$ cat input.tsv   # TSV, C-alpha atoms
chain	number	residue	atom	x	y	z
A	1	MET	CA	144.86	152.86	126.94
A	2	LEU	CA	144.66	149.99	129.41
A	3	ILE	CA	143.72	146.43	128.40
A	4	ALA	CA	143.58	143.54	130.89
A	5	HIS	CA	144.23	139.97	129.77
A	6	ILE	CA	142.61	137.08	131.63
A	7	SER	CA	141.99	133.50	130.60
A	8	ASP	CA	140.64	130.05	131.40
A	9	PHE	CA	138.03	130.59	134.10
A	10	HIS	CA	136.50	127.13	133.42
A	11	LEU	CA	133.28	128.23	135.10
A	12	PHE	CA	130.62	125.57	135.65
A	13	ALA	CA	127.04	125.83	136.85
A	14	ASP	CA	126.63	122.21	137.92
A	15	LYS	CA	129.88	120.24	138.12
A	16	PRO	CA	133.28	120.55	136.43
A	17	GLU	CA	134.11	118.61	133.29
A	18	THR	CA	137.85	118.83	133.95
A	19	PRO	CA	139.13	117.10	137.13
A	20	PRO	CA	141.80	119.68	138.12
A	21	VAL	CA	139.34	122.62	138.07
A	22	ARG	CA	138.90	124.14	141.51
A	23	LEU	CA	135.45	123.58	142.96
A	24	ASP	CA	135.41	127.18	144.22
A	25	ILE	CA	136.27	128.68	140.83
A	26	GLU	CA	133.09	130.79	140.81
A	27	ARG	CA	134.23	132.56	143.98
A	28	LEU	CA	137.68	133.15	142.53
A	29	ALA	CA	136.27	134.40	139.22
A	30	ARG	CA	134.05	136.89	141.05
A	31	ARG	CA	137.07	138.08	143.04
A	32	ILE	CA	139.03	138.68	139.82
A	33	VAL	CA	136.13	140.51	138.15
A	34	ASP	CA	135.70	142.66	141.25
A	35	ASP	CA	139.36	143.65	141.00
A	36	LEU	CA	139.06	144.35	137.27
A	37	SER	CA	135.98	146.51	137.83
A	38	ARG	CA	137.72	148.57	140.52
A	39	PHE	CA	141.03	148.98	138.69
A	40	SER	CA	142.21	152.59	138.69
A	41	PRO	CA	142.46	154.27	136.31
A	42	ALA	CA	139.58	152.45	134.68
A	43	LEU	CA	140.39	149.77	132.13
A	44	ASP	CA	139.38	150.32	128.52
A	45	ALA	CA	138.74	146.64	127.78
A	46	VAL	CA	139.20	143.11	129.12
A	47	ALA	CA	140.46	140.42	126.74
A	48	PHE	CA	139.38	136.89	127.72
A	49	THR	CA	141.26	134.20	125.77
A	50	GLY	CA	138.99	131.18	125.97
A	51	ASP	CA	137.77	128.36	128.17
A	52	VAL	CA	135.41	130.82	129.76
A	53	THR	CA	133.34	127.80	130.81
A	54	ASP	CA	134.27	124.20	131.57
A	55	GLY	CA	131.40	122.44	129.84
A	56	GLY	CA	129.82	124.94	127.49
A	57	SER	CA	126.23	124.53	128.63
A	58	ALA	CA	123.66	127.32	128.45
A	59	ALA	CA	123.64	127.36	132.26
A	60	ASP	CA	127.43	127.77	132.31
A	61	TYR	CA	127.19	130.85	130.09
A	62	GLU	CA	124.38	132.34	132.13
A	63	LEU	CA	126.62	132.01	135.18
A	64	LEU	CA	129.49	133.61	133.26
A	65	LYS	CA	127.31	136.57	132.26
A	66	ASP	CA	126.35	137.06	135.89
A	67	VAL	CA	129.99	136.89	136.99
A	68	LEU	CA	131.02	139.43	134.34
A	69	ALA	CA	128.12	141.80	135.05
A	70	PRO	CA	130.17	144.24	137.20
A	71	LEU	CA	132.41	145.02	134.21
A	72	LYS	CA	131.20	148.15	132.43
A	73	VAL	CA	133.88	148.06	129.72
A	74	PRO	CA	134.01	145.90	126.58
A	75	VAL	CA	134.77	142.25	127.31
A	76	LEU	CA	136.32	140.46	124.33
A	77	ILE	CA	135.90	136.68	124.31
A	78	VAL	CA	137.19	133.91	122.06
A	79	PRO	CA	136.18	130.24	122.43
A	80	GLY	CA	138.46	127.63	123.97
A	81	ASN	CA	138.33	123.86	123.71
A	82	HIS	CA	135.95	123.61	126.69
A	83	ASP	CA	133.51	126.10	125.16
A	84	ARG	CA	130.72	125.38	122.72
A	85	ARG	CA	130.16	127.58	119.71
A	86	ALA	CA	126.37	127.55	119.61
A	87	SER	CA	125.95	128.30	123.31
A	88	LEU	CA	128.63	131.00	123.31
A	89	ARG	CA	127.18	132.67	120.23
A	90	THR	CA	123.71	132.70	121.76
A	91	ALA	CA	124.89	134.04	125.11
A	92	PHE	CA	127.03	136.90	123.72
A	93	ALA	CA	125.41	137.73	120.38
A	94	ASP	CA	124.31	141.08	121.79
A	95	ARG	CA	127.83	141.99	122.94
A	96	LEU	CA	130.23	140.58	120.35
A	97	PRO	CA	130.06	141.13	116.55
A	98	PHE	CA	130.49	137.49	115.55
A	99	GLU	CA	130.85	136.82	111.84
A	100	THR	CA	128.12	134.80	110.19
A	101	GLY	CA	128.94	131.19	109.40
A	102	THR	CA	130.40	128.39	111.46
A	103	PHE	CA	133.26	130.11	113.27
A	104	LEU	CA	133.17	132.76	116.00
A	105	ASN	CA	135.65	135.13	114.40
A	106	TYR	CA	135.07	138.88	114.64
A	107	GLU	CA	136.70	142.27	114.29
A	108	THR	CA	136.18	145.20	116.62
A	109	GLU	CA	137.95	148.37	117.71
A	110	ILE	CA	138.87	149.69	121.14
A	111	ASP	CA	139.88	153.35	121.15
A	112	GLY	CA	141.53	153.06	117.74
A	113	PHE	CA	143.07	149.68	118.58
A	114	ARG	CA	142.07	146.98	116.06
A	115	VAL	CA	141.10	143.63	117.57
A	116	LEU	CA	140.89	140.43	115.52
A	117	ALA	CA	139.31	137.56	117.45
A	118	LEU	CA	140.01	134.06	116.14
A	119	ASP	CA	138.13	130.82	116.72
A	120	THR	CA	140.59	127.90	117.14
A	121	LEU	CA	138.09	125.45	118.64
A	122	VAL	CA	137.94	121.89	117.31
A	123	GLU	CA	134.97	120.55	119.21
A	124	GLY	CA	135.75	117.32	121.01
A	125	GLN	CA	139.52	117.91	120.81
A	126	VAL	CA	142.00	119.43	123.28
A	127	ALA	CA	144.32	120.83	120.62
A	128	GLY	CA	143.17	123.65	118.38
A	129	ALA	CA	143.27	124.53	114.71
A	130	LEU	CA	142.58	127.40	112.36
A	131	ALA	CA	140.22	126.27	109.64
A	132	PRO	CA	140.91	127.41	106.07
A	133	GLU	CA	137.97	129.83	106.35
A	134	SER	CA	139.45	131.43	109.47
A	135	LEU	CA	142.92	131.69	107.94
A	136	ALA	CA	141.46	133.33	104.84
A	137	TRP	CA	139.50	135.74	107.05
A	138	LEU	CA	142.64	136.64	109.01
A	139	ALA	CA	144.74	137.04	105.86
A	140	ASP	CA	142.15	139.43	104.41
A	141	LYS	CA	142.14	141.52	107.60
A	142	LEU	CA	145.93	141.69	107.81
A	143	GLU	CA	146.20	142.72	104.16
A	144	ARG	CA	144.40	145.88	105.24
A	145	GLU	CA	147.40	147.19	107.10
A	146	THR	CA	146.71	150.05	109.50
A	147	SER	CA	148.84	152.51	111.43
A	148	ALA	CA	146.97	151.52	114.58
A	149	PRO	CA	148.18	148.54	116.63
A	150	THR	CA	146.45	145.23	115.90
A	151	LEU	CA	145.64	142.72	118.62
A	152	ILE	CA	144.94	139.08	117.70
A	153	LEU	CA	143.08	137.05	120.31
A	154	LEU	CA	142.95	133.25	120.19
A	155	HIS	CA	142.78	130.45	122.73
A	156	HIS	CA	145.40	128.01	121.43
A	157	PRO	CA	148.81	129.68	121.13
A	158	PRO	CA	150.75	129.15	117.91
A	159	PHE	CA	153.90	130.40	119.63
A	160	PRO	CA	155.77	127.86	121.79
A	161	SER	CA	156.17	127.87	125.56
A	162	GLY	CA	159.07	125.41	125.47
A	163	ILE	CA	157.06	122.85	127.48
A	164	LYS	CA	156.71	120.19	124.77
A	165	PRO	CA	153.64	118.24	126.00
A	166	LEU	CA	151.69	121.49	126.30
A	167	ASP	CA	152.88	122.87	122.97
A	168	ASP	CA	151.91	119.60	121.27
A	169	ASN	CA	148.31	120.20	122.38
A	170	ALA	CA	148.21	123.90	121.50
A	171	LEU	CA	147.53	125.18	117.98
A	172	VAL	CA	148.36	122.23	115.74
A	173	GLY	CA	146.36	123.08	112.62
A	174	GLY	CA	147.28	126.20	110.68
A	175	ARG	CA	150.31	127.02	112.82
A	176	GLU	CA	152.65	127.50	109.86
A	177	ASP	CA	150.03	129.58	108.06
A	178	ILE	CA	149.50	132.03	110.90
A	179	SER	CA	153.25	132.14	111.49
A	180	ARG	CA	153.73	133.30	107.92
A	181	LEU	CA	150.92	135.87	108.19
A	182	VAL	CA	152.40	137.33	111.37
A	183	ALA	CA	155.94	137.41	109.98
A	184	ASN	CA	154.81	139.17	106.79
A	185	TYR	CA	152.70	141.79	108.56
A	186	GLY	CA	154.42	145.16	108.50
A	187	GLY	CA	152.48	146.91	111.25
A	188	ARG	CA	152.38	146.71	115.02
A	189	LEU	CA	151.00	143.35	116.14
A	190	MET	CA	150.24	141.62	119.45
A	191	LEU	CA	148.90	138.10	120.08
A	192	LEU	CA	147.22	137.07	123.33
A	193	ALA	CA	146.26	133.45	124.06
A	194	GLY	CA	145.39	131.02	126.85
A	195	HIS	CA	145.11	127.22	127.12
A	196	ILE	CA	148.58	126.49	128.57
A	197	HIS	CA	147.61	127.30	132.20
A	198	ARG	CA	151.09	128.74	132.64
A	199	PRO	CA	151.56	132.48	132.03
A	200	TYR	CA	154.43	133.48	129.79
A	201	GLN	CA	155.49	136.13	127.30
A	202	THR	CA	157.60	135.88	124.16
A	203	LEU	CA	158.56	137.48	120.88
A	204	TRP	CA	157.46	135.42	117.88
A	205	ASN	CA	157.98	136.39	114.25
A	206	GLY	CA	158.51	139.97	115.36
A	207	ALA	CA	155.28	140.20	117.37
A	208	TYR	CA	154.76	140.45	121.12
A	209	CYS	CA	152.87	137.38	122.38
A	210	ALA	CA	151.57	136.30	125.77
A	211	VAL	CA	149.58	133.52	127.41
A	212	GLY	CA	147.43	134.32	130.43
A	213	GLY	CA	147.37	132.18	133.55
A	214	SER	CA	144.32	130.36	134.87
A	215	PRO	CA	142.72	130.66	138.31
A	216	ALA	CA	141.05	127.26	137.76
A	217	PHE	CA	144.36	125.40	137.92
A	218	GLN	CA	147.95	126.12	136.97
A	219	VAL	CA	150.73	123.79	135.83
A	220	ALA	CA	154.30	123.78	137.07
A	221	LEU	CA	157.17	125.36	135.20
A	222	ASP	CA	158.97	122.29	133.82
A	223	LEU	CA	160.98	123.07	130.71
A	224	ALA	CA	162.46	119.56	130.80
A	225	ALA	CA	159.06	117.89	130.36
A	226	ILE	CA	159.07	115.69	127.25
A	227	GLU	CA	156.31	113.08	127.42
A	228	HIS	CA	153.99	114.03	130.29
A	229	GLU	CA	152.39	117.34	131.16
A	230	PRO	CA	153.76	119.03	134.29
A	231	ASP	CA	151.82	118.55	137.51
A	232	CYS	CA	149.35	121.11	138.78
A	233	ILE	CA	150.69	123.42	141.47
A	234	THR	CA	149.41	126.14	143.75
A	235	GLU	CA	150.82	129.54	142.81
A	236	PRO	CA	149.62	133.12	143.31
A	237	TYR	CA	147.28	134.15	140.50
A	238	ALA	CA	147.97	137.23	138.40
A	239	TYR	CA	146.63	138.80	135.25
A	240	PHE	CA	148.41	141.12	132.81
A	241	VAL	CA	147.57	144.78	132.24
A	242	TYR	CA	148.85	146.39	129.04
A	243	ARG	CA	149.42	150.13	129.09
A	244	ILE	CA	149.62	151.32	125.50
A	245	GLY	CA	150.72	154.92	125.06
A	246	ALA	CA	149.92	157.43	122.36
A	247	ASP	CA	153.64	157.41	121.53
A	248	ASP	CA	153.46	153.69	120.58
A	249	SER	CA	155.04	152.64	123.87
A	250	MET	CA	153.79	149.57	125.71
A	251	ALA	CA	154.30	148.50	129.31
A	252	VAL	CA	153.16	145.12	130.66
A	253	HIS	CA	152.17	145.04	134.32
A	254	THR	CA	151.43	141.99	136.45
A	255	ARG	CA	148.45	142.33	138.79
A	256	HIS	CA	148.41	139.78	141.63
A	257	ILE	CA	145.09	138.79	143.18
A	258	SER	CA	144.64	137.39	146.67
A	259	PHE	CA	142.01	134.66	146.97
A	260	GLU	CA	141.84	134.79	150.75
A	261	HIS	CA	138.38	135.36	152.21

$ encode --input "input.tsv" --output "structure tokens"
Amino acid sequence: MLIAHISDFHLFADKPETPPVRLDIERLARRIVDDLSRFSPALDAVAFTGDVTDGGSAADYELLKDVLAPLKVPVLIVPGNHDRRASLRTAFADRLPFETGTFLNYETEIDGFRVLALDTLVEGQVAGALAPESLAWLADKLERETSAPTLILLHHPPFPSGIKPLDDNALVGGREDISRLVANYGGRLMLLAGHIHRPYQTLWNGAYCAVGGSPAFQVALDLAAIEHEPDCITEPYAYFVYRIGADDSMAVHTRHISFEH
């Protein structure tokens, strides 16, 4: 099975809400989707870990749907801090099995692979949190241990990058709770996130974890940063492709994308 992980398109239909976002992000997003759609062998799913839009308007999501149209495989989306729950739910209600209630949590399956999508959005805030309802939902799902791998998707990573100003604005509510749930889970577990705009991978409480990079803007690698976020830099964009074998093996491949015309 092949799953691609992308994040933080920050698409906008009118004008960006976030100053660093590239004004040509629609062109870049279409280039990435074109590459995803032509990947060989064909992908089984694409996991998109939040900030799919930059302002969360209905027009933003209509643009996103048009950009994603070439993908004929399941696209799994969780909200980021630049998304809006109501607009995202309306735009993708026919594609994603959102739970009823306030939060956009859902469970689905890709070729026997369990996916748990978590809503960490705190509207109006940069940092994220897992509400008590979402933590209870996740705890209930993880109590139903399965022999199949389980993939948790969320925008704000609970696992640290080591860049303090970015980690301080990641998942700040419910971090200890999800840490305990992950550590106590006895099965195979992966967590994929976004938000940091700096791709990295780590092991956290026994689980493989990764953050996807952003084509909208990327921050410098500055592990000495204490008070201020690292500056934005220009680096080649890449997304991750996970090859998960029937023998429980997993290989992580980096797919570089050229944005030249």

$ closest_atom_pairs --input "input.tsv" --of "range 38-90 of chain A" --to "range 214-228 of chain A" --cutoff "12 Å" --atoms "only C-alpha atoms" --output "Markdown table"
| residue | atom | partner | partner_atom | distance |
| --- | --- | --- | --- | --- |
| A:Phe48 | CA | A:Ser214 | CA | 10.9 |
| A:Thr49 | CA | A:Ser214 | CA | 10.3 |
| A:Gly50 | CA | A:Ser214 | CA | 10.4 |
| A:Asp51 | CA | A:Ser214 | CA | 9.6 |
| A:Val52 | CA | A:Ser214 | CA | 10.3 |
| A:Thr53 | CA | A:Ala216 | CA | 10.4 |
| A:Asp54 | CA | A:Ala216 | CA | 9.7 |

$ closest_residue --input "input.tsv" --among "A:Val46, A:Leu23, A:Met1, A:Ala59" --to "Phe240 in chain A" --atoms "all atoms listed in the file"
A:Val46

$ atom_distance --input "input.tsv" --atom1 "CA of Leu142 in chain A" --atom2 "CA of Ala91 in chain A"
28.3 Å

$ residues_around --input "input.tsv" --residues "Leu28 in chain A" --least-positions-apart "4" --cutoff "8 Å" --atoms "only C-alpha atoms" --output "JSON, numbers by chain"
{"A": [24, 32, 215, 259]}

$ atom_distance --input "input.tsv" --atom1 "CA of Arg38 in chain A" --atom2 "CA of Tyr208 in chain A"
27.1 Å

$ atom_distance --input "input.tsv" --atom1 "CA of Tyr239 in chain A" --atom2 "CA of Gly174 in chain A"
27.6 Å

$ residues_around --input "input.tsv" --residues "His195 in chain A" --least-positions-apart "3" --cutoff "8 Å" --atoms "all atoms listed in the file" --output "list in words"
Ser7, Asp8, Gly50, Asp51, Gly80, His155, His156, Pro157, Ala170 and Val211 of chain A

$ closest_atom_pairs --input "input.tsv" --of "range 37-86 of chain A" --to "range 110-128 of chain A" --cutoff "9 Å" --atoms "only C-alpha atoms" --output "JSON lines"
{"residue": "A:Asp44", "atom": "CA", "partner": "A:Ile110", "partner_atom": "CA", "distance": 7.4}
{"residue": "A:Ala45", "atom": "CA", "partner": "A:Ile110", "partner_atom": "CA", "distance": 7.3}
{"residue": "A:Pro74", "atom": "CA", "partner": "A:Ile110", "partner_atom": "CA", "distance": 8.2}
{"residue": "A:Leu76", "atom": "CA", "partner": "A:Ala117", "partner_atom": "CA", "distance": 8.0}
{"residue": "A:Ile77", "atom": "CA", "partner": "A:Ala117", "partner_atom": "CA", "distance": 7.7}
{"residue": "A:Val78", "atom": "CA", "partner": "A:Asp119", "partner_atom": "CA", "distance": 6.2}
{"residue": "A:Pro79", "atom": "CA", "partner": "A:Asp119", "partner_atom": "CA", "distance": 6.1}
{"residue": "A:Gly80", "atom": "CA", "partner": "A:Leu121", "partner_atom": "CA", "distance": 5.8}
{"residue": "A:Asn81", "atom": "CA", "partner": "A:Leu121", "partner_atom": "CA", "distance": 5.3}
{"residue": "A:His82", "atom": "CA", "partner": "A:Val126", "partner_atom": "CA", "distance": 8.1}
{"residue": "A:Asp83", "atom": "CA", "partner": "A:Leu121", "partner_atom": "CA", "distance": 8.0}
{"residue": "A:Arg84", "atom": "CA", "partner": "A:Glu123", "partner_atom": "CA", "distance": 7.3}
{"residue": "A:Arg85", "atom": "CA", "partner": "A:Leu121", "partner_atom": "CA", "distance": 8.3}

$ residues_around --input "input.tsv" --residues "Glu145 in chain A" --least-positions-apart "4" --cutoff "10 Å" --atoms "all atoms listed in the file" --output "list in words"
Asp140, Lys141, Pro149, Thr150, Tyr185, Gly186, Gly187 and Arg188 of chain A

$ residues_around --input "input.tsv" --residues "Leu181 in chain A" --least-positions-apart "3" --cutoff "9 Å" --atoms "all atoms listed in the file" --output "PyMOL selection string"
chain A and resi 138-139+142+176-178+184-185

$ write_last_selection --input "input.tsv" --atoms "C-alpha atoms" --output "compact mmCIF listing (two decimals), keeping the file's coordinate frame"
# COMPACT_ATOMS: atom_id res chain seq x y z
CA LEU A 138 142.64 136.64 109.01
CA ALA A 139 144.74 137.04 105.86
CA LEU A 142 145.93 141.69 107.81
CA GLU A 176 152.65 127.50 109.86
CA ASP A 177 150.03 129.58 108.06
CA ILE A 178 149.50 132.03 110.90
CA ASN A 184 154.81 139.17 106.79
CA TYR A 185 152.70 141.79 108.56

$ axis_aligned_box --input "input.tsv" --around "range 202-219 of chain A" --padding-each-side "4 Å" --output "lines of an AutoDock Vina configuration file"
center_x = 149.8
center_y = 132.1
center_z = 126.3
size_x = 25.5
size_y = 24.7
size_z = 32.1

$ closest_residue --input "input.tsv" --among "A:Asp94, A:Thr234, A:Leu104, A:Phe39" --to "Arg22 in chain A" --atoms "all atoms listed in the file"
A:Thr234

$ residues_around --input "input.tsv" --residues "Thr254 in chain A" --least-positions-apart "3" --cutoff "10 Å" --atoms "all atoms listed in the file" --output "mmCIF file with C-alpha atoms, in the coordinates of the input"
data_model
loop_
_atom_site.group_PDB
_atom_site.id
_atom_site.type_symbol
_atom_site.label_atom_id
_atom_site.label_comp_id
_atom_site.auth_asym_id
_atom_site.auth_seq_id
_atom_site.Cartn_x
_atom_site.Cartn_y
_atom_site.Cartn_z
ATOM 1 C CA ALA A 4 143.580 143.540 130.890
ATOM 2 C CA TYR A 237 147.280 134.150 140.500
ATOM 3 C CA ALA A 238 147.970 137.230 138.400
ATOM 4 C CA TYR A 239 146.630 138.800 135.250
ATOM 5 C CA PHE A 240 148.410 141.120 132.810
ATOM 6 C CA VAL A 241 147.570 144.780 132.240
ATOM 7 C CA TYR A 242 148.850 146.390 129.040
ATOM 8 C CA ILE A 257 145.090 138.790 143.180
#

$ closest_residue --input "input.tsv" --among "A:Gly56, A:Ala193, A:Leu43, A:Ser258" --to "Thr18 in chain A" --atoms "only C-alpha atoms"
A:Gly56

$ closest_residue --input "input.tsv" --among "A:His256, A:Arg89, A:Lys72, A:His10" --to "Ala58 in chain A" --atoms "only C-alpha atoms"
A:Arg89

$ closest_residue --input "input.tsv" --among "A:Leu64, A:Val73, A:Val182, A:Ile6" --to "Ser37 in chain A" --atoms "all atoms listed in the file"
A:Val73

$ closest_residue --input "input.tsv" --among "A:Leu166, A:Ala47, A:Leu130, A:Leu36" --to "Ser179 in chain A" --atoms "all atoms listed in the file"
A:Leu130

$ build_atoms --input "input.tsv" --residues "range 39-60 of chain A" --atoms "N, CA and C atoms" --output "PDB file, in the coordinates of the input"
ATOM      1  N   PHE A  39     139.680 148.565 139.082  1.00  0.00           N
ATOM      2  CA  PHE A  39     141.030 148.980 138.690  1.00  0.00           C
ATOM      3  C   PHE A  39     141.044 150.476 138.407  1.00  0.00           C
ATOM      4  N   SER A  40     142.094 151.149 138.878  1.00  0.00           N
ATOM      5  CA  SER A  40     142.210 152.590 138.690  1.00  0.00           C
ATOM      6  C   SER A  40     143.587 152.944 138.149  1.00  0.00           C
ATOM      7  N   PRO A  41     143.594 153.719 137.059  1.00  0.00           N
ATOM      8  CA  PRO A  41     142.460 154.270 136.310  1.00  0.00           C
ATOM      9  C   PRO A  41     141.681 153.169 135.611  1.00  0.00           C
ATOM     10  N   ALA A  42     140.469 153.471 135.215  1.00  0.00           N
ATOM     11  CA  ALA A  42     139.580 152.450 134.680  1.00  0.00           C
ATOM     12  C   ALA A  42     140.160 151.803 133.426  1.00  0.00           C
ATOM     13  N   LEU A  43     139.967 150.498 133.326  1.00  0.00           N
ATOM     14  CA  LEU A  43     140.390 149.770 132.130  1.00  0.00           C
ATOM     15  C   LEU A  43     139.546 150.195 130.933  1.00  0.00           C
ATOM     16  N   ASP A  44     140.120 150.046 129.750  1.00  0.00           N
ATOM     17  CA  ASP A  44     139.380 150.320 128.520  1.00  0.00           C
ATOM     18  C   ASP A  44     138.750 149.069 127.941  1.00  0.00           C
ATOM     19  N   ALA A  45     139.288 147.898 128.278  1.00  0.00           N
ATOM     20  CA  ALA A  45     138.740 146.640 127.780  1.00  0.00           C
ATOM     21  C   ALA A  45     139.366 145.490 128.563  1.00  0.00           C
ATOM     22  N   VAL A  46     138.673 144.351 128.535  1.00  0.00           N
ATOM     23  CA  VAL A  46     139.200 143.110 129.120  1.00  0.00           C
ATOM     24  C   VAL A  46     139.174 142.050 128.023  1.00  0.00           C
ATOM     25  N   ALA A  47     140.338 141.472 127.751  1.00  0.00           N
ATOM     26  CA  ALA A  47     140.460 140.420 126.740  1.00  0.00           C
ATOM     27  C   ALA A  47     140.476 139.066 127.448  1.00  0.00           C
ATOM     28  N   PHE A  48     139.564 138.184 127.070  1.00  0.00           N
ATOM     29  CA  PHE A  48     139.380 136.890 127.720  1.00  0.00           C
ATOM     30  C   PHE A  48     139.653 135.804 126.685  1.00  0.00           C
ATOM     31  N   THR A  49     140.801 135.095 126.846  1.00  0.00           N
ATOM     32  CA  THR A  49     141.260 134.200 125.770  1.00  0.00           C
ATOM     33  C   THR A  49     140.837 132.744 125.977  1.00  0.00           C
ATOM     34  N   GLY A  50     139.538 132.523 126.091  1.00  0.00           N
ATOM     35  CA  GLY A  50     138.990 131.180 125.970  1.00  0.00           C
ATOM     36  C   GLY A  50     138.857 130.359 127.230  1.00  0.00           C
ATOM     37  N   ASP A  51     138.174 129.214 127.057  1.00  0.00           N
ATOM     38  CA  ASP A  51     137.770 128.360 128.170  1.00  0.00           C
ATOM     39  C   ASP A  51     137.102 129.188 129.263  1.00  0.00           C
ATOM     40  N   VAL A  52     136.170 130.008 128.810  1.00  0.00           N
ATOM     41  CA  VAL A  52     135.410 130.820 129.760  1.00  0.00           C
ATOM     42  C   VAL A  52     134.518 129.924 130.615  1.00  0.00           C
ATOM     43  N   THR A  53     134.106 128.788 130.048  1.00  0.00           N
ATOM     44  CA  THR A  53     133.340 127.800 130.810  1.00  0.00           C
ATOM     45  C   THR A  53     134.061 126.461 130.732  1.00  0.00           C
ATOM     46  N   ASP A  54     133.626 125.522 131.565  1.00  0.00           N
ATOM     47  CA  ASP A  54     134.270 124.200 131.570  1.00  0.00           C
ATOM     48  C   ASP A  54     133.489 123.162 130.798  1.00  0.00           C
ATOM     49  N   GLY A  55     132.198 123.422 130.560  1.00  0.00           N
ATOM     50  CA  GLY A  55     131.400 122.440 129.840  1.00  0.00           C
ATOM     51  C   GLY A  55     130.629 122.995 128.670  1.00  0.00           C
ATOM     52  N   GLY A  56     130.474 124.321 128.629  1.00  0.00           N
ATOM     53  CA  GLY A  56     129.820 124.940 127.490  1.00  0.00           C
ATOM     54  C   GLY A  56     128.319 124.866 127.468  1.00  0.00           C
ATOM     55  N   SER A  57     127.692 124.596 128.609  1.00  0.00           N
ATOM     56  CA  SER A  57     126.230 124.530 128.630  1.00  0.00           C
ATOM     57  C   SER A  57     125.640 125.932 128.695  1.00  0.00           C
ATOM     58  N   ALA A  58     124.346 126.025 128.354  1.00  0.00           N
ATOM     59  CA  ALA A  58     123.660 127.320 128.450  1.00  0.00           C
ATOM     60  C   ALA A  58     123.706 127.849 129.873  1.00  0.00           C
ATOM     61  N   ALA A  59     123.584 126.944 130.860  1.00  0.00           N
ATOM     62  CA  ALA A  59     123.640 127.360 132.260  1.00  0.00           C
ATOM     63  C   ALA A  59     125.023 127.888 132.630  1.00  0.00           C
ATOM     64  N   ASP A  60     126.068 127.281 132.067  1.00  0.00           N
ATOM     65  CA  ASP A  60     127.430 127.770 132.310  1.00  0.00           C
ATOM     66  C   ASP A  60     127.578 129.207 131.825  1.00  0.00           C
TER      67      ASP A  60
END
